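Trainee: Sharing input.tsv here; it has TSV, C-alpha atoms.
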```tsv
chain	number	residue	atom	x	y	z
A	225	MET	CA	-12.83	-6.99	6.43
A	226	GLY	CA	-14.70	-9.37	8.66
A	227	GLN	CA	-14.08	-11.33	11.80
A	228	GLY	CA	-11.84	-13.76	9.92
A	229	SER	CA	-9.22	-11.10	9.17
A	230	ARG	CA	-5.61	-12.17	9.62
A	231	VAL	CA	-4.16	-9.97	12.36
A	232	SER	CA	-0.44	-9.61	13.11
A	233	TYR	CA	0.60	-7.99	16.37
A	234	PHE	CA	4.13	-6.76	17.10
A	235	TYR	CA	5.41	-6.58	20.66
A	236	ASP	CA	8.86	-6.43	22.23
A	237	GLN	CA	8.78	-7.01	25.98
A	238	GLU	CA	11.83	-4.75	26.44
A	239	VAL	CA	9.98	-1.65	25.24
A	240	GLY	CA	8.59	-1.02	28.71
A	241	ASN	CA	12.09	-0.87	30.22
A	242	TYR	CA	12.93	2.52	28.73
A	243	THR	CA	12.16	5.80	30.45
A	244	TYR	CA	12.30	9.38	29.23
A	245	GLY	CA	12.83	10.45	32.84
A	246	TYR	CA	10.88	10.41	36.07
A	247	ASP	CA	9.11	13.73	35.46
A	248	HIS	CA	8.48	13.22	31.74
A	249	CYS	CA	4.88	12.53	30.73
A	250	MET	CA	5.80	10.06	27.95
A	251	LYS	CA	5.89	6.59	29.50
A	252	PRO	CA	6.83	3.64	27.22
A	253	PHE	CA	5.72	1.47	30.14
A	254	ARG	CA	2.11	1.99	28.96
A	255	ILE	CA	2.79	-0.36	26.02
A	256	ARG	CA	3.66	-3.16	28.44
A	257	MET	CA	0.50	-2.40	30.43
A	258	ALA	CA	-1.62	-2.62	27.27
A	259	HIS	CA	0.00	-5.90	26.29
A	260	ASP	CA	-0.67	-7.35	29.71
A	261	ILE	CA	-4.39	-6.56	29.41
A	262	ILE	CA	-4.40	-8.03	25.89
A	263	ALA	CA	-2.80	-11.23	27.17
A	264	SER	CA	-5.07	-11.42	30.24
A	265	TYR	CA	-8.11	-11.46	27.94
A	266	GLY	CA	-6.47	-14.18	25.82
A	267	LEU	CA	-6.42	-11.98	22.72
A	268	ASP	CA	-2.81	-12.93	22.02
A	269	LYS	CA	-4.03	-16.45	21.19
A	270	LYS	CA	-6.32	-15.10	18.45
A	271	MET	CA	-3.67	-13.34	16.37
A	272	THR	CA	-0.09	-13.81	15.20
A	273	VAL	CA	2.18	-12.32	17.86
A	274	LEU	CA	5.59	-11.37	16.51
A	275	GLN	CA	8.85	-10.15	18.00
A	276	PRO	CA	9.78	-7.10	15.90
A	277	PRO	CA	13.25	-7.07	14.37
A	278	ARG	CA	15.37	-4.12	15.46
A	279	ALA	CA	15.63	-1.51	12.70
A	280	THR	CA	19.18	-0.90	11.49
A	281	ALA	CA	20.75	2.52	11.06
A	282	HIS	CA	20.75	1.92	7.32
A	283	GLU	CA	17.01	1.26	7.33
A	284	MET	CA	16.24	4.35	9.40
A	285	THR	CA	18.23	6.55	7.01
A	286	GLN	CA	15.72	5.75	4.29
A	287	PHE	CA	14.05	8.84	5.75
A	288	HIS	CA	16.31	10.39	8.40
A	289	THR	CA	19.68	12.00	7.74
A	290	ASP	CA	22.87	10.03	8.33
A	291	GLU	CA	24.12	12.67	10.79
A	292	TYR	CA	20.98	12.50	12.92
A	293	ILE	CA	20.87	8.72	13.16
A	294	GLU	CA	24.59	8.62	13.96
A	295	TYR	CA	23.99	11.16	16.71
A	296	LEU	CA	21.20	9.02	18.20
A	297	ARG	CA	23.55	6.02	18.16
A	298	ARG	CA	26.17	7.87	20.17
A	299	VAL	CA	24.25	10.20	22.48
A	300	THR	CA	23.96	9.55	26.20
A	301	PRO	CA	22.92	11.89	29.03
A	302	GLU	CA	26.62	12.41	29.79
A	303	VAL	CA	27.53	13.24	26.17
A	304	ALA	CA	24.62	15.68	25.93
A	305	GLU	CA	25.76	17.45	29.08
A	306	ILE	CA	29.29	18.13	27.83
A	307	MET	CA	28.20	19.02	24.26
A	308	PRO	CA	25.07	21.17	24.72
A	309	SER	CA	25.42	23.20	21.50
A	310	TYR	CA	25.81	20.06	19.38
A	311	ASN	CA	22.86	18.49	21.16
A	312	GLU	CA	20.61	21.46	20.36
A	313	CYS	CA	20.95	20.72	16.64
A	314	PHE	CA	19.08	17.45	17.03
A	315	LEU	CA	17.11	17.28	20.29
A	316	PRO	CA	14.80	19.80	21.99
A	317	LEU	CA	15.91	18.81	25.49
A	318	LEU	CA	12.69	19.37	27.44
A	319	ASP	CA	10.52	17.33	25.06
A	320	CYS	CA	13.12	14.88	23.76
A	321	PRO	CA	15.79	14.16	26.39
A	322	PRO	CA	18.80	11.98	25.46
A	323	PHE	CA	17.80	9.20	27.85
A	324	ASP	CA	19.74	5.97	28.33
A	325	GLY	CA	18.88	3.55	25.53
A	326	VAL	CA	17.16	6.12	23.29
A	327	TYR	CA	18.63	4.55	20.14
A	328	GLU	CA	17.59	1.03	21.10
A	329	PHE	CA	14.09	2.28	21.89
A	330	CYS	CA	13.89	3.81	18.42
A	331	THR	CA	15.02	0.57	16.76
A	332	ILE	CA	12.15	-1.31	18.46
A	333	SER	CA	9.51	1.19	17.39
A	334	ALA	CA	10.80	1.59	13.83
A	335	GLY	CA	11.59	-2.12	13.44
A	336	GLY	CA	8.03	-3.12	14.31
A	337	SER	CA	6.49	-0.60	11.93
A	338	MET	CA	8.74	-1.51	9.00
A	339	ALA	CA	8.22	-5.23	9.59
A	340	GLY	CA	4.47	-4.67	9.84
A	341	ALA	CA	4.46	-2.90	6.49
A	342	ARG	CA	6.28	-5.86	4.96
A	343	ARG	CA	3.63	-8.25	6.36
A	344	ILE	CA	1.02	-6.27	4.44
A	345	ASN	CA	3.19	-6.04	1.32
A	346	HIS	CA	3.70	-9.80	1.22
A	347	GLY	CA	0.02	-10.58	1.81
A	348	GLU	CA	0.70	-12.16	5.20
A	349	ALA	CA	-1.77	-10.02	7.16
A	350	ASP	CA	-4.94	-7.99	6.62
A	351	ILE	CA	-4.47	-5.99	9.82
A	352	VAL	CA	-1.23	-5.17	11.62
A	353	ILE	CA	-0.84	-3.65	15.10
A	354	ASN	CA	2.26	-2.00	16.57
A	355	TRP	CA	1.34	0.00	19.67
A	356	ALA	CA	5.03	0.91	20.12
A	357	GLY	CA	4.87	2.89	16.87
A	358	GLY	CA	3.05	6.04	15.86
A	359	LEU	CA	5.76	8.60	16.68
A	360	HIS	CA	4.46	11.16	14.22
A	361	HIS	CA	6.33	14.37	15.12
A	362	ALA	CA	9.92	13.30	14.33
A	363	LYS	CA	11.48	15.23	11.44
A	364	LYS	CA	14.07	14.19	8.90
A	365	GLY	CA	17.01	15.63	10.85
A	366	GLU	CA	15.73	16.23	14.37
A	367	ALA	CA	13.48	14.98	17.14
A	368	SER	CA	10.25	16.73	18.05
A	369	GLY	CA	7.35	16.30	20.43
A	370	PHE	CA	8.63	13.18	22.30
A	371	CYS	CA	9.38	11.50	18.92
A	372	TYR	CA	12.90	10.65	17.76
A	373	VAL	CA	12.52	8.35	14.74
A	374	ASN	CA	9.44	8.61	12.53
A	375	ASP	CA	8.47	4.96	12.27
A	376	ILE	CA	5.29	5.95	10.41
A	377	VAL	CA	7.16	7.55	7.52
A	378	LEU	CA	9.46	4.51	7.35
A	379	ALA	CA	6.44	2.16	7.25
A	380	ILE	CA	4.72	4.19	4.54
A	381	LEU	CA	7.89	4.26	2.43
A	382	GLU	CA	7.96	0.48	2.71
A	383	LEU	CA	4.29	0.19	1.72
A	384	LEU	CA	4.80	2.45	-1.30
A	385	ARG	CA	7.10	-0.17	-2.78
A	386	TYR	CA	4.04	-2.38	-3.39
A	387	HIS	CA	1.04	-0.03	-3.09
A	388	GLN	CA	0.15	2.82	-5.41
A	389	ARG	CA	-1.84	4.91	-2.93
A	390	ILE	CA	-1.70	5.06	0.88
A	391	VAL	CA	-3.95	6.94	3.28
A	392	TYR	CA	-2.29	8.09	6.48
A	393	LEU	CA	-4.88	8.80	9.18
A	394	ASP	CA	-4.06	10.45	12.52
A	395	ILE	CA	-6.51	10.70	15.45
A	396	ASP	CA	-3.95	11.90	18.01
A	397	VAL	CA	-4.94	15.19	19.67
A	398	HIS	CA	-1.79	16.74	18.15
A	399	HIS	CA	-1.37	17.41	14.44
A	400	GLY	CA	0.60	14.71	12.60
A	401	ASP	CA	3.08	17.27	11.32
A	402	GLY	CA	6.13	15.05	10.79
A	403	VAL	CA	4.30	12.61	8.53
A	404	GLU	CA	2.43	15.31	6.64
A	405	GLU	CA	5.67	17.21	6.01
A	406	ALA	CA	7.40	14.09	4.68
A	407	PHE	CA	4.73	13.53	2.01
A	408	TYR	CA	3.62	17.13	1.42
A	409	THR	CA	4.65	17.14	-2.25
A	410	THR	CA	3.40	13.72	-3.38
A	411	ASP	CA	0.03	12.51	-4.68
A	412	ARG	CA	0.66	8.91	-3.60
A	413	VAL	CA	0.07	9.52	0.11
A	414	MET	CA	-2.98	11.32	1.43
A	415	SER	CA	-2.41	12.44	5.01
A	416	VAL	CA	-5.52	13.09	7.11
A	417	SER	CA	-5.20	14.56	10.61
A	418	PHE	CA	-7.95	15.26	13.16
A	419	HIS	CA	-6.42	17.41	15.89
A	420	GLN	CA	-6.78	20.26	18.34
A	421	PHE	CA	-5.81	23.55	16.73
A	422	GLY	CA	-5.07	27.03	18.02
A	423	ASN	CA	-2.32	27.82	20.56
A	424	PHE	CA	-1.56	24.11	20.83
A	425	PHE	CA	1.53	22.08	19.88
A	426	PRO	CA	2.78	21.88	17.16
A	427	GLY	CA	0.76	24.84	15.89
A	428	THR	CA	0.33	23.46	12.37
A	429	GLY	CA	-2.58	21.76	10.61
A	430	ASP	CA	-4.92	24.52	9.44
A	431	VAL	CA	-7.67	23.38	7.07
A	432	LYS	CA	-6.02	25.56	4.42
A	433	ASP	CA	-2.77	23.54	4.63
A	434	VAL	CA	-3.43	21.20	1.71
A	435	GLY	CA	-0.02	20.28	0.27
A	436	VAL	CA	2.05	21.75	-2.55
A	437	GLU	CA	3.13	20.87	-6.08
A	438	ARG	CA	1.95	17.36	-7.01
A	439	GLY	CA	0.78	16.94	-3.44
A	440	LYS	CA	-1.65	19.86	-3.52
A	441	TYR	CA	-4.97	18.80	-1.94
A	442	TYR	CA	-3.45	15.50	-0.77
A	443	ALA	CA	-3.01	16.83	2.78
A	444	VAL	CA	-6.31	16.94	4.67
A	445	ASN	CA	-6.41	18.78	7.98
A	446	VAL	CA	-9.38	18.79	10.34
A	447	PRO	CA	-8.64	21.44	13.02
A	448	LEU	CA	-10.90	21.05	16.06
A	449	ARG	CA	-11.56	22.92	19.28
A	450	GLU	CA	-11.45	21.78	22.88
A	451	GLY	CA	-13.99	19.43	24.37
A	452	ILE	CA	-15.14	17.55	21.29
A	453	ASP	CA	-17.29	14.58	22.32
A	454	ASP	CA	-18.08	11.19	20.80
A	455	GLU	CA	-21.17	12.26	18.86
A	456	THR	CA	-19.58	15.36	17.36
A	457	TYR	CA	-16.31	13.58	16.53
A	458	GLU	CA	-18.14	10.67	14.88
A	459	PHE	CA	-20.14	13.12	12.75
A	460	ILE	CA	-17.11	14.80	11.21
A	461	PHE	CA	-14.89	11.72	11.19
A	462	ARG	CA	-17.31	9.60	9.18
A	463	ARG	CA	-18.11	12.42	6.76
A	464	VAL	CA	-14.47	13.22	6.03
A	465	MET	CA	-13.13	9.67	5.93
A	466	ARG	CA	-15.90	8.36	3.69
A	467	ASP	CA	-15.13	11.22	1.30
A	468	VAL	CA	-11.39	10.48	1.46
A	469	MET	CA	-11.79	6.74	0.85
A	470	GLU	CA	-14.25	7.17	-2.04
A	471	THR	CA	-12.16	9.85	-3.73
A	472	PHE	CA	-8.61	8.56	-3.22
A	473	ARG	CA	-9.32	4.79	-3.15
A	474	PRO	CA	-6.15	3.71	-1.29
A	475	SER	CA	-4.88	0.15	-1.32
A	476	ALA	CA	-3.76	0.41	2.34
A	477	VAL	CA	-4.42	2.61	5.37
A	478	VAL	CA	-1.92	3.51	8.09
A	479	MET	CA	-3.75	4.75	11.21
A	480	GLN	CA	-2.07	6.51	14.12
A	481	CYS	CA	-4.27	5.83	17.17
A	482	GLY	CA	-2.87	8.35	19.64
A	483	THR	CA	-4.93	8.22	22.83
A	484	ASP	CA	-4.26	11.75	24.06
A	485	SER	CA	-7.57	12.56	22.35
A	486	LEU	CA	-9.31	10.68	25.18
A	487	SER	CA	-11.12	12.46	27.98
A	488	GLY	CA	-8.91	13.09	31.00
A	489	ASP	CA	-5.57	13.02	29.19
A	490	ARG	CA	-2.74	14.88	30.94
A	491	LEU	CA	-1.96	16.93	27.80
A	492	GLY	CA	-4.98	16.70	25.51
A	493	CYS	CA	-8.21	18.66	25.82
A	494	PHE	CA	-10.66	16.47	23.86
A	495	ASN	CA	-13.50	14.56	25.51
A	496	LEU	CA	-13.64	11.22	23.70
A	497	SER	CA	-14.59	8.05	25.54
A	498	MET	CA	-12.84	4.76	24.87
A	499	GLN	CA	-15.82	3.66	22.74
A	500	GLY	CA	-15.77	6.90	20.77
A	501	HIS	CA	-12.06	6.54	20.02
A	502	ALA	CA	-12.42	2.87	19.09
A	503	ALA	CA	-15.39	3.64	16.83
A	504	CYS	CA	-12.93	5.37	14.50
A	505	VAL	CA	-10.83	2.19	14.30
A	506	GLU	CA	-13.91	0.07	13.67
A	507	PHE	CA	-15.11	2.42	10.93
A	508	MET	CA	-11.78	2.24	9.09
A	509	LYS	CA	-11.76	-1.55	9.42
A	510	SER	CA	-15.14	-1.63	7.64
A	511	PHE	CA	-13.61	-0.43	4.35
A	512	GLY	CA	-11.92	-3.81	3.91
A	513	VAL	CA	-8.49	-2.54	2.83
A	514	PRO	CA	-5.27	-3.56	4.64
A	515	LEU	CA	-5.10	-1.59	7.87
A	516	PHE	CA	-1.98	-0.84	9.93
A	517	CYS	CA	-2.77	0.51	13.42
A	518	LEU	CA	-0.05	2.27	15.39
A	519	GLY	CA	0.20	3.86	18.82
A	520	GLY	CA	1.16	7.46	19.45
A	521	GLY	CA	0.39	9.98	22.16
A	522	GLY	CA	-1.44	9.27	25.38
A	523	TYR	CA	-0.32	10.43	28.81
A	524	THR	CA	-2.85	9.08	31.30
A	525	ILE	CA	-1.34	5.63	31.06
A	526	ARG	CA	-4.17	3.65	32.65
A	527	ASN	CA	-6.49	4.99	29.93
A	528	VAL	CA	-3.94	4.39	27.17
A	529	ALA	CA	-3.52	0.74	28.13
A	530	ARG	CA	-7.24	0.05	28.36
A	531	THR	CA	-8.03	1.74	25.07
A	532	TRP	CA	-5.32	0.01	23.02
A	533	ALA	CA	-6.34	-3.35	24.50
A	534	TYR	CA	-9.98	-2.64	23.62
A	535	GLU	CA	-9.05	-1.56	20.10
A	536	THR	CA	-7.04	-4.75	19.65
A	537	ALA	CA	-10.27	-6.63	20.41
A	538	VAL	CA	-12.18	-4.45	17.94
A	539	LEU	CA	-9.66	-5.28	15.21
A	540	LEU	CA	-10.03	-8.98	16.06
A	541	GLY	CA	-13.82	-8.77	16.09
A	542	GLU	CA	-13.91	-9.95	19.71
A	543	LYS	CA	-16.26	-8.86	22.50
A	544	LEU	CA	-14.69	-8.36	25.93
A	545	ASP	CA	-16.05	-8.57	29.45
A	546	PRO	CA	-16.07	-5.01	30.84
A	547	SER	CA	-14.66	-6.28	34.14
A	548	LEU	CA	-10.90	-6.35	33.81
A	549	PRO	CA	-9.31	-9.77	34.40
A	550	TYR	CA	-6.55	-9.84	36.97
A	551	ASN	CA	-3.18	-8.83	35.50
A	552	ASP	CA	0.23	-7.66	36.66
A	553	TYR	CA	-0.89	-4.01	36.71
A	554	TYR	CA	-4.38	-4.52	38.09
A	555	ASP	CA	-3.94	-1.92	40.84
A	556	PHE	CA	-3.49	0.84	38.24
A	557	PHE	CA	-7.12	0.47	37.21
A	558	GLY	CA	-8.83	0.90	40.56
A	559	PRO	CA	-11.21	1.66	42.07
A	560	GLU	CA	-13.54	0.61	39.24
A	561	TYR	CA	-11.32	-2.09	37.61
A	562	THR	CA	-13.28	-1.91	34.36
A	563	LEU	CA	-12.37	-1.77	30.69
A	564	ASP	CA	-13.76	1.71	30.18
A	565	VAL	CA	-12.67	5.32	29.75
A	566	PRO	CA	-15.78	7.49	30.14
A	567	ALA	CA	-16.25	11.00	28.81
A	568	SER	CA	-16.61	13.90	31.24
A	569	ASN	CA	-19.02	16.85	31.34
A	570	MET	CA	-16.54	19.35	29.88
A	571	THR	CA	-17.91	21.95	27.47
A	572	ASN	CA	-17.75	21.13	23.77
A	573	MET	CA	-16.40	24.22	21.99
A	574	ASN	CA	-17.15	22.75	18.53
A	575	THR	CA	-20.46	23.84	17.01
A	576	ARG	CA	-22.37	21.92	14.34
A	577	GLN	CA	-22.18	24.97	12.06
A	578	GLN	CA	-18.37	25.09	12.37
A	579	LEU	CA	-18.06	21.37	11.64
A	580	GLU	CA	-20.40	21.60	8.65
A	581	GLN	CA	-18.22	24.38	7.28
A	582	LEU	CA	-15.10	22.24	7.79
A	583	CYS	CA	-16.69	19.29	5.99
A	584	SER	CA	-17.74	21.51	3.11
A	585	GLU	CA	-14.26	23.02	2.71
A	586	ILE	CA	-12.56	19.61	2.86
A	587	HIS	CA	-15.06	18.17	0.38
A	588	GLU	CA	-14.25	21.00	-2.01
A	589	HIS	CA	-10.50	20.33	-1.68
A	590	LEU	CA	-10.92	16.58	-2.27
A	591	HIS	CA	-12.93	17.11	-5.41
A	592	ARG	CA	-10.15	19.14	-6.95
A	593	ILE	CA	-8.05	15.98	-7.30
A	594	PRO	CA	-8.62	13.27	-9.91
A	595	HIS	CA	-10.29	10.14	-8.56
A	596	ALA	CA	-7.71	7.43	-7.89
A	597	PRO	CA	-4.73	9.26	-9.48
A	598	SER	CA	-2.74	7.13	-11.85
A	599	VAL	CA	0.72	5.89	-10.93
A	600	GLN	CA	3.15	4.66	-13.52
A	601	MET	CA	3.59	0.89	-13.23
A	602	GLN	CA	7.13	-0.20	-12.53
A	603	GLN	CA	8.98	-3.20	-11.23
A	604	VAL	CA	8.82	-3.62	-7.45
A	605	PRO	CA	12.32	-3.11	-5.98
A	606	ARG	CA	13.91	-6.07	-4.24
A	607	ASP	CA	13.48	-6.29	-0.48
A	608	TRP	CA	16.35	-5.51	1.86
A	609	PRO	CA	18.48	-8.57	2.59
A	610	GLY	CA	16.78	-10.73	5.19
A	611	GLU	CA	13.47	-8.84	5.04
A	612	SER	CA	11.60	-11.79	3.57
A	613	GLU	CA	12.45	-13.91	6.58
A	614	GLU	CA	9.56	-14.25	8.99
A	615	SER	CA	9.96	-13.15	12.61
A	616	ASP	CA	9.57	-15.84	15.21
A	617	ASP	CA	6.34	-15.99	17.18
A	618	LEU	CA	6.67	-14.93	20.78
A	619	PRO	CA	6.19	-17.85	23.14
A	620	ALA	CA	3.18	-17.40	25.39
A	621	THR	CA	5.36	-17.56	28.49
A	622	ASP	CA	7.18	-14.40	27.41
A	623	SER	CA	4.08	-12.23	27.73
A	624	ASP	CA	4.65	-9.56	30.38
```
Translate this file's structure into structure tokens.
Mentor:
Amino acid sequence: MGQGSRVSYFYDQEVGNYTYGYDHCMKPFRIRMAHDIIASYGLDKKMTVLQPPRATAHEMTQFHTDEYIEYLRRVTPEVAEIMPSYNECFLPLLDCPPFDGVYEFCTISAGGSMAGARRINHGEADIVINWAGGLHHAKKGEASGFCYVNDIVLAILELLRYHQRIVYLDIDVHHGDGVEEAFYTTDRVMSVSFHQFGNFFPGTGDVKDVGVERGKYYAVNVPLREGIDDETYEFIFRRVMRDVMETFRPSAVVMQCGTDSLSGDRLGCFNLSMQGHAACVEFMKSFGVPLFCLGGGGYTIRNVARTWAYETAVLLGEKLDPSLPYNDYYDFFGPEYTLDVPASNMTNMNTRQQLEQLCSEIHEHLHRIPHAPSVQMQQVPRDWPGESEESDDLPATDSD
């Protein structure tokens, strides 16, 4: 997929208005910061910028339970306070507080991801970006790990209407447990997660967790230790993903680009630079299959914004000046004011021998599945009413 790829980019300027709470480390504001850097470089003029439609409750219950979505529609901080036992059924309060506007925030994230999947389904884009998406921990009937609605699962379900095989790839520092769990029994979605493992949330994602029933060996887990650097990460990432793509031969890839795997993240303990993280995006782009890039974790917001802006340029095939242009959040990026997130000198606890062993075990698992498993051909279901209508382009003056 070359420089002439058609790129669609979803952004809702209201997404930065929501807050999980002053002391909470998840800051939706980082998406607005990333967009502002993207616009300051003029990248918005080189792709189709779209206002995402808000997902409806009916659309979100394609994966989530009716009771859970109805709860999200009704919950407020005041309701949660007077009904604590009911609240505990759906929200772990410390990680997933019932903040003002939580339902509307979810409709933006899920709406962009579902609309992006439809752009790929209808052949309207080769690459789609939704940095407000990527909330990979949410479960069918409850929130988890700062994630309320699993926009990734909803997007993949939409893609499966037109595509026989989908690869879900997760480079967040945390295991993509919610997505893996949703497709653990199917051979049509191969989930691949590179993550920190061992006494680290969510505690799942061992290399031996490979799926069950028809989905056995279609879950690929790459558990890593603290301090992994660019060179080491690139070694295992390229080995595993080349094996996955050659064996499974997907017709689309959904990639969660969580930036808590960057060096200096408030929660993560990896040591990737911005270039090392973006190299994964560039490598997946090189396979030439439709690619859907989503956001995810990332809690040092100045690094999140710079990295997602840089990766937008990578997907567009554009080179950027390392000196940041002036933007509304310029002061966040001092004192260096550069488009860069360097690695640190932290110790890499991953040895080459350990990584070779991981690659060997994963290779063995992958070669227990048939190449490009067959899927019975059937008529594509009709789209939801109104889904074929194109979203309006955002006017340039609306860029925040």
Trainee: When distances are computed from only C-alpha atoms, which of A:Thr524, A:Ser368, A:Thr571, A:Thr483 shows the smallest separation from A:His419?
Mentor: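 Once distances to A:His419 are computed over only C-alpha atoms, the minimum belongs to A:Thr483.
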Trainee: Could you check which of A:Ser475, A:Thr562, A:Ser309, A:Thr331 is closest to A:Arg278, using all atoms listed in the file?
Mentor: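 Closest to A:Arg278 of all the choices is A:Thr331.
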Trainee: Extract, using only C-alpha atoms, all DNA, RNA and protein residues at most 10 Å from A:Phe507, discarding same-chain residues fewer than 3 positions from it, and format them as a PyMOL selection string.
Mentor: chain A and resi 458+461-462+465-466+502-504+510-512
Trainee: Can you list, as a PDB file with C-alpha atoms, keeping the file's coordinate frame, every protein, DNA or RNA residue that comes within 8 Å of A:Ile344 when you count all atoms listed in the file, leaving out same-chain residues fewer than 6 positions away?
Mentor:
```pdb
ATOM      1  CA  ASP A 350      -4.940  -7.990   6.620  1.00  0.00           C
ATOM      2  CA  ILE A 351      -4.470  -5.990   9.820  1.00  0.00           C
ATOM      3  CA  VAL A 352      -1.230  -5.170  11.620  1.00  0.00           C
ATOM      4  CA  LEU A 383       4.290   0.190   1.720  1.00  0.00           C
ATOM      5  CA  PRO A 514      -5.270  -3.560   4.640  1.00  0.00           C
TER       6      PRO A 514
END
```
Trainee: What does the structure give for the distance between atom CA of A:His398 and atom CA of A:Ile586, in Å to one decimal?
Mentor: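 Taking atom CA of A:His398 as the start and atom CA of A:Ile586 as the end point, the length is 18.9 Å.
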Trainee: Could you tell me how far atom CA of A:Gly427 sits from atom CA of A:Asn527, in Å to one decimal place?
Mentor: 25.4 Å
Trainee: Of the candidates A:Asp564, A:Glu588, A:Asp484, A:Asp268, which one gets nearest to A:His399 if we count all atoms listed in the file?
Mentor: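 With all atoms listed in the file as the atom set, the closest residue is A:Asp484.
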Trainee: Within 7 Å of A:Met271, counting only C-alpha atoms, which residues show up once you throw out same-chain ones fewer than 4 positions away? Write them as a list in words, please.
Mentor: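 Within the cut-off, the hits are Val231, Ser232 and Tyr233 of chain A.
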Trainee: Here is a test: counting all atoms listed in the file, which residue of A:Pro546, A:Met498, A:Cys249, A:Glu437 is nearest to A:Ala529?
Mentor: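 Between A:Pro546, A:Met498, A:Cys249, A:Glu437, the residue approaching A:Ala529 most closely is A:Met498.
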Trainee: Measuring atom to atom with only C-alpha atoms, identify which of A:Gln578, A:Glu404, A:Asp375, A:Leu393 is nearest to A:Leu448.
Mentor: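 Among A:Gln578, A:Glu404, A:Asp375, A:Leu393, it is A:Gln578 that comes nearest to A:Leu448.
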Trainee: Suppose you want the space between atom CA of A:Pro549 and atom CA of A:Asp260; what is it in Å?
Mentor: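 Distance between the two atoms: 10.1 Å.
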Trainee: For a quick check of understanding, using all atoms listed in the file, which of A:Asn569, A:Asn345, A:Ser229, A:Thr280 has the smallest distance to A:Gly488?
Mentor: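 Closest to A:Gly488, using all atoms listed in the file: A:Asn569.
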